[in-house]
Each structure stands twice: as structure tokens, then as C-alpha cells.
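Colleague: Here it is: the structure, laid out below.
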Amino acid sequence: MTTAAVFAQELRSVLKGAGSPSEKLEKRMGRVWIVSPASCHMRRWLSLAVLAVGGIVSPAKGQNTTQDRDGSRFQLSSETTVESLFVNFLHYARIGRFTMADEYARALLARPDLDPVAILEIASRDRKSLETLLRLISHSTIGPSASQVLELIERGEYEKRKNPQRISRNIENLGGNPQQAFFAIQRLAQSGEYTIPHMLRMLSDPARLDLQSRIITALPRIGKPAVHPLVVALAVKDEAIRQALIESLGEIGYAHAIPYLRKLLDHGRATQETKAAAAEAIARIESRHGGSVSGTAAEAFLHLAQRYYTEEAAIRADPRLPEANVWYWDEARQSPKRVVVPTRIFGPVMAMRCCEEALLLRNDDAEAIALWLAANIRREARLGMNVESGDPTESGEADETRPDVFPRALYFTQAAGPRYAHRVLARGIADRDSAVALGAIEALRVTAGESSLVGAEDYKQPLVQALQFPELLVRVRAALALGAALPKSSFSGSPRVVPVLAGTLGQTGRQQVLVIEADQTTLNRVMNALRSGDREVIGRTNFYDALERARIEFQSLGGIFISSDIAAPGLVEAVAELRSEFQYAKTPVVVLTSSGQSVMAEQLAKADPFVERVDSAADDASLEAALERLQVRAGQAAITPELALTLALQAGQTLRRIAQDGRTVYDLGVAEPALIGALSSEEERLQTLAASVLALLETPTAQRAVAHVALDAANTDSLRIAAFGSLAESAKAHGHKLEESQVADLITLARDEPDLTIRTAASQSLGALNLATNKASEIIRSYHEG
């Protein structure tokens, strides 16, 4: 047996009782043995002893081991407990041995018998465990593992507070002595909304009269989490129970109960006692908030719907949890029932419900209709569905609040008509919500004609405003819709349509990223790292120079990497300037922090959800991960190469329709450089389409560019034949505008080209040019055989 093992065996016999291995060792040996650099040998022994106490043994041959930063190797034994893994994880993290701590965390998280409630109870025995985890998440290399452990603890809290046996036991304890009742109320408050169905069941049970007064007293002590199920339960038939619920809502004092209470006031069938209680409860809530809330119940529901839609902190679901409850009334059981939804759709679902309540009270409320439509699109997007599709067979993540047969969001928006789709789009623009904007634009595209799309009316302006939306996809969809309308009269923003369409022709689907870093070495390294991910990158040492180049060369800025120590402007001023511009309001910003600048960057990241910091020396994977997290948070719609091509083809087709019409308000000439550029695309369909649009332009450069493609023998036969057709179309419409050298090459092809298919296509173009010289005679004479 090794010396360390002997020492560990002795410690096992001495260190008994509560406390972590580190606490026991400190009691025995004193903290100096662990922290003193001069005692490295004893520290090594103590480390081995901690592992032995925690269930760790020396590695056996052929078994996987863990190596610490000092070269020590250890292995988990089959006797290692979940508690020892958790305790040792925190211990090694606290003394800065992160490699070993991370291995304990990974082993803990991999345990098949892992119980979140058990982990919660273990963590609760260490008063500083949560503080340690939070510090590790923000300030250590093992942040991801610490974050997973914290999520596990939070899951334990969630499971514990909704346990029905625990809730029923605590309700029973309300009937005990004052101390039992006190602790029962505390625990019921911890269980929050989950207690309400159980308490209402007891209130309606004639056999539990002994508890009912205690339950009524305890109801308001549950606090804000009780409001959702309580307002649903106002539909209860029992008048006495309803009175108790109304009084509880007044005592709890949260304003999101007011619409439901006001509905009782406006309800003709409610008793005078109910109305009086509701009025008193509203007055109590208003006095708590320092003022009265005027308006009808319908207006109150619409106001509450807006709060849910914007996900105000006071009424949103707990973002730390993956699921949230939406409460409904079970008429048969006379009890509230919960429907579990993904937390991210709680706000949209509740907004829709409040809009429905408003429309039941006032069925012609245009704002309620538009808000319901917008919330439905947002709900669908957050379930992972394509909001531009009306395909009923497409399915995303389940939403149990919807019936089995429920149409797509596009169905509702297009059925509502252009006037409401414009209102929905206005919300998408104001909130910079690309999903809502895209859903509304698609509905406009399929339902609205020119008179419904453009005009001086205020409600029609959002589609024009969408041409300046931060995300490229929204700008393109708006331009496609406006272009397809072929308007004949000028409107605000009409000069922007063709440039957006033209810019789409060159889209590749590659992300475009900006790097601003004063240090040239760091700038080059970050640029190279991002380019390796198939991105287009612009890098500059000066903020204003970088932004100016991005405006000229980029169509959509997917993210900005900016140094924390830039000057003129400084970091805070630079980000504020970005956010002041509509198109950069949600652009992801990754701050590259240097020594001494991390605190400022952290404060900036806390204040702006689309800012994140990474160390300027971070590896390539960390840089990319930070950008990807922010892009997800910003809800950026990714443009894949396949989608980029589809958009380019749609843009080209729209430009051709504009050119064919010839009477629209649009100036197609500004698209000519982009169309000529598209002739060099790697996609033949786009080349052919660009040539067909150029054929409709009257300029010599357009005709010559098409001729260049047709005459180039390096191109495919199919492309050349299509280009000859476009050249003939151009010549018929606009006459001969080719250079003499191109004419000579065309004549040679029409006369001597061995491939008769190419020769025939060239002859069509030659004839359309209607040259003054007698080339027909020359071609005929070339076949004379004497």
C-alpha cells in the first residue's frame, strides 16, 4: 500500500460526521496544508486523501483515468455516490483545480440514477453552493459544466414544488397548530400555482369544512404565481368560493387580474355581491399600483395581451424553466387544469387568449385581431415552423393549447386580408421580429394587389419600411412583394425596391461579418478564424472606416466583433451608435476583451441581450460559438446557399416582369451592373435569367454583356443557346448595339461553326441585328461547290 493510501486510510477512521472532505481535512490539518505553496508534498497527500474519502481509488490497469493539472491520475470507483461527486466537484472548483472539478461534474451529470430533487437536497446542505456555481459559470473555464449542474438543481426545485403528495400534505397541515400552519403556508407558497387546484378541491368538498377557513386565509399568501389559475377559476359556479377568490386576487394585488375582475363587473349575469367584491378588489389592486386603470374589460384585456406579447418581466414565465403552464377551466370538474407548453411560447399563447377575451366582448376590435395574428405567427415560429408556409402537414414542436385540427398561421393572416396583414407587419417592424414580418409579408404577397400594397395611407407604410429591416431576408421578401405589384404611381420608398432586388442576385448564403480591432495581429487572427467558417469578413482598426465599408460591400451584417479597447469612439459609445440605427438595432456584437476591460464588457452584455464578451485570445471555436448564440438570441433567419439561389431567381423573375411591363414607377437601369455580374454566376439558371432581363434593357452595355456570354465557347451549349436567344430579343427590341469585333465573331459563328445547333442560334441573333451589310449573301456563297 502506498504512503498516500495509508494516510488516507488513517483519515477515514478519523474524519467522520457531516461536512465535505475539504471541511474535514481543514479541521484535521488546518487550511495551511491546502493553500501553502511551500507544502506541495503534503498538499499532494491531502489531495489523494480527499479522493479516497470521496470514494476515489488508484487506477487499475486498463481502466480509464482522470489526469489533474499536476499530473495526478485518479479514477472513480463503483462505490462513488452522487453526493460525493457533487461535494468533490465544488471542493476542487473552490481550490482552483478545475480539471479535476470538471471531471467530477461530468461524472455526476452522466449518472443514470441522477435525481434532480436529490441533488437539490444535497446542494441545500451547502449554503454557498449556488453562489459557487454562479461564480464558476461567469468566471471559470468549467462554466458549461457548472451551468448544467445549476440547471439540474433548478429542475429539482421545479419537481419538488409541483409534487402533489407534498402539496396535499401541506394543505392538511394548515389544520395543525400555529407553527405547523406557518410552515405549511411557506411550503405551499413555494409550490405556487400548483397548489390552487388542490386548494379549490378542498374548498368545494363538504367533508373538509374543518380546513376551508384556513385555506381561504392561505390563498392570498401564495402570491403572484396564484393569479393565473385563480382568474381562470372565477368561472366557478359556487358563489361563496368565487367571492373568496375575488378577495384573494385583491389582496395579492397584481394588475394582470384586473381584466378578469372587470369582466365580472361588465357581465350582466353576475350577482350584485360578485360585482361589489370585484369592484373592491380592483380598487385594492389600483391603490397598490398608485392609480386607477380606466377603460372597459375589452380594453383591459387588450392591454394585458400587449404585455404578454412583449413578455414583460412581471408576467412572463420563468425563463429558467423549459416548460410553463397555461391554465384553463374544467367545467365538468369545476377546477382549473393546466396545459404544459414550452416556456418560449407562453407569452404568445397568453397574448392570443387575452385577445380572444377582448374579441368576445368587442368583436370588431381591429387591434385585438392584428395582435392575435402577430402572436400566432410568433408562436408558430418559436415552435420551429416555417411561418411563410401554409402547409398543414408541416409540424413543429407540440403545442397542446391548440386543437388537433388547427390551421397554419398563414391561413389566419391571409384570411384576415391586407389591412390586417399590414397591421401585423407594423408590429414585426416595430419589434424587429423577423418571423412576424415574414409571415405578414407572405400574406400580403398572396392576397394584395397594387392598390392594397402601396399608397399614401398610413397603414400601408410598413411594407415600405421593411425595405430597411435589419435582416436581409425580410428586405428581400418586401422588395419581391412590392416589385410584383408593378405599381404605376410613385410612392415613398419606391427607389429602394430595385436596388434590393439587384443586390439579391449576388447572394451566396455566406454570412457577412465585421471585425473592428485596433491590434493588427489580433485583427488578422480573428478574421482568419471567421473566414474558415465560410464567411465574408471585413476587418478594420477604426470603427467608422469599418462601418462605412460594411454599408458599401455587405447586404446583411450577420455580426460584429469589436475590441473592448477601441478609441474614438470607445466601446460603449460605439455600441450605442450601432443601436441608434434601425438596421443594426439587433445585430449580434461580440466584444473581444483584453486585460482590465472585462468588467465594462460584462456590464454592456447585461444591458444589451445581443452583446456577449469573449477573451480576445479565445480560440476559433469560442469565437464562433459566441456569434452563433447571439444569432439565435436575435432570431436571425439563416439564408442557406439553397435559399440564396431561390431568392436570386425570384428577384431575377421580378426584374424581368418589371422590364416587360415597361410602365412601372421603378428604374430598372440601377439593376444593370448586378445583372451583368449575375452572368458570371456558377448557377446556369441565374445566368440565363439575367441574360433574359438584360435583353429588355436598351443600353449598349446590356446587349454586349449578353453577346459576350453567347460568343464564349467555354460556356455550356445550353447557356450559349439561351444567350443567343436573349441577344436576338435585345436586337429586335433595341437594334444593333454590339461592338464591331463582336459582330465579326457572330458572323464567323453563323457561317463556320461546326455545331449546327450553335450555328442556328447564332444565325437567329445575326438576323435580328439586321445589319446593313449583305452577310446573307456571304453565308450562301460559302456553300457554293462550283
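Numbering starts fresh at 1 for the residues of each chain in the C-alpha cells, the chains themselves are lettered A, B, ... in the order given, and ligands are numbered from 1 as they appear.
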Enumerate, as number ranges by chain, the complete set of residues in range 282-467 of chain A that a backbone-based DSSP assignment places in helix (DSSP H, G or I).

Modeller: A: 282-289, 297-310, 343-361, 366-382, 409-416, 418-431, 434-447, 450-453, 458-467

Colleague: Set the distance at 9 Å and use only C-alpha atoms: which residues neighbour Ala484 in chain A once local chain neighbours fewer than 6 positions away are removed? I'd like the list as a PyMOL selection string.

Modeller: chain A and resi 445+449-450+654-655+657-658

Colleague: Find, counting only C-alpha atoms, the residue in A:Leu152, A:Ala707, A:Arg221, A:Asp712 that gets nearest to His736 in chain A.

Modeller: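 Comparing A:Leu152, A:Ala707, A:Arg221, A:Asp712 against His736 in chain A, the winner is A:Ala707.
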
Colleague: Would you mind listing what lies within 12 Å of Gln165 in chain A as JSON, numbers by chain, with only C-alpha atoms counted and same-chain residues fewer than 3 positions away left out?

Modeller: {"A": [159, 160, 161, 162, 168, 169, 170, 171, 172, 188, 191, 194, 195, 198]}

Colleague: With only C-alpha atoms as the counted atoms, please give the residues lying no more than 7 Å from range 425-440 of chain A, apart from itself and same-chain residues fewer than 4 positions off, as a ChimeraX atom specification.

Modeller: /A:374,377-378,381,387-388,410,413,421,444,462,466,474

Colleague: Can you tell me, as a list in words, what residues are no more than 9 Å from Leu604 in chain A when counting only C-alpha atoms, ignoring any on the same chain fewer than 5 positions away?

Modeller: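 Close residues of Leu604 in chain A: Val572, Val575, Val599, Pro609, Val611, Glu612 and Arg613 of chain A.
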
Colleague: Quick one: residues within 9 Å of Leu467 in chain A, only C-alpha atoms counted, chain neighbours fewer than 3 positions away excluded, as a short mmCIF file (atom, residue, chain, number, x, y, z; two decimals) with C-alpha atoms, in the first residue's frame?

Modeller:
```
data_model
loop_
_atom_site.label_atom_id
_atom_site.label_comp_id
_atom_site.auth_asym_id
_atom_site.auth_seq_id
_atom_site.Cartn_x
_atom_site.Cartn_y
_atom_site.Cartn_z
CA PRO A 462 -44.88 49.10 -43.05
CA LEU A 463 -44.16 47.19 -46.27
CA VAL A 464 -42.02 50.09 -47.50
CA PRO A 470 -32.11 44.74 -40.24
CA LEU A 472 -31.79 40.70 -45.43
CA VAL A 474 -37.22 40.48 -44.74
CA ARG A 475 -35.89 43.21 -47.05
CA VAL A 476 -35.87 40.82 -50.00
CA ARG A 477 -39.37 39.50 -49.31
CA ALA A 478 -40.68 43.06 -49.09
CA ALA A 479 -38.97 44.03 -52.35
CA GLY A 493 -39.60 54.19 -50.74
CA ARG A 496 -35.31 51.28 -52.81
CA VAL A 497 -37.13 48.33 -54.40
CA VAL A 500 -32.75 45.40 -53.02
#
```

Colleague: Between A:Tyr254, A:Ala651, A:Arg338, A:Glu357, which one has atoms that come closest to Phe301 in chain A, using only C-alpha atoms?

Modeller: A:Glu357

Colleague: Between A:Ile566, A:Ala518, A:Leu746, A:Leu696, single out the one closest to Ser726 in chain A, counting only C-alpha atoms.

Modeller: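 Among the listed residues, the smallest separation from Ser726 in chain A belongs to A:Leu696.
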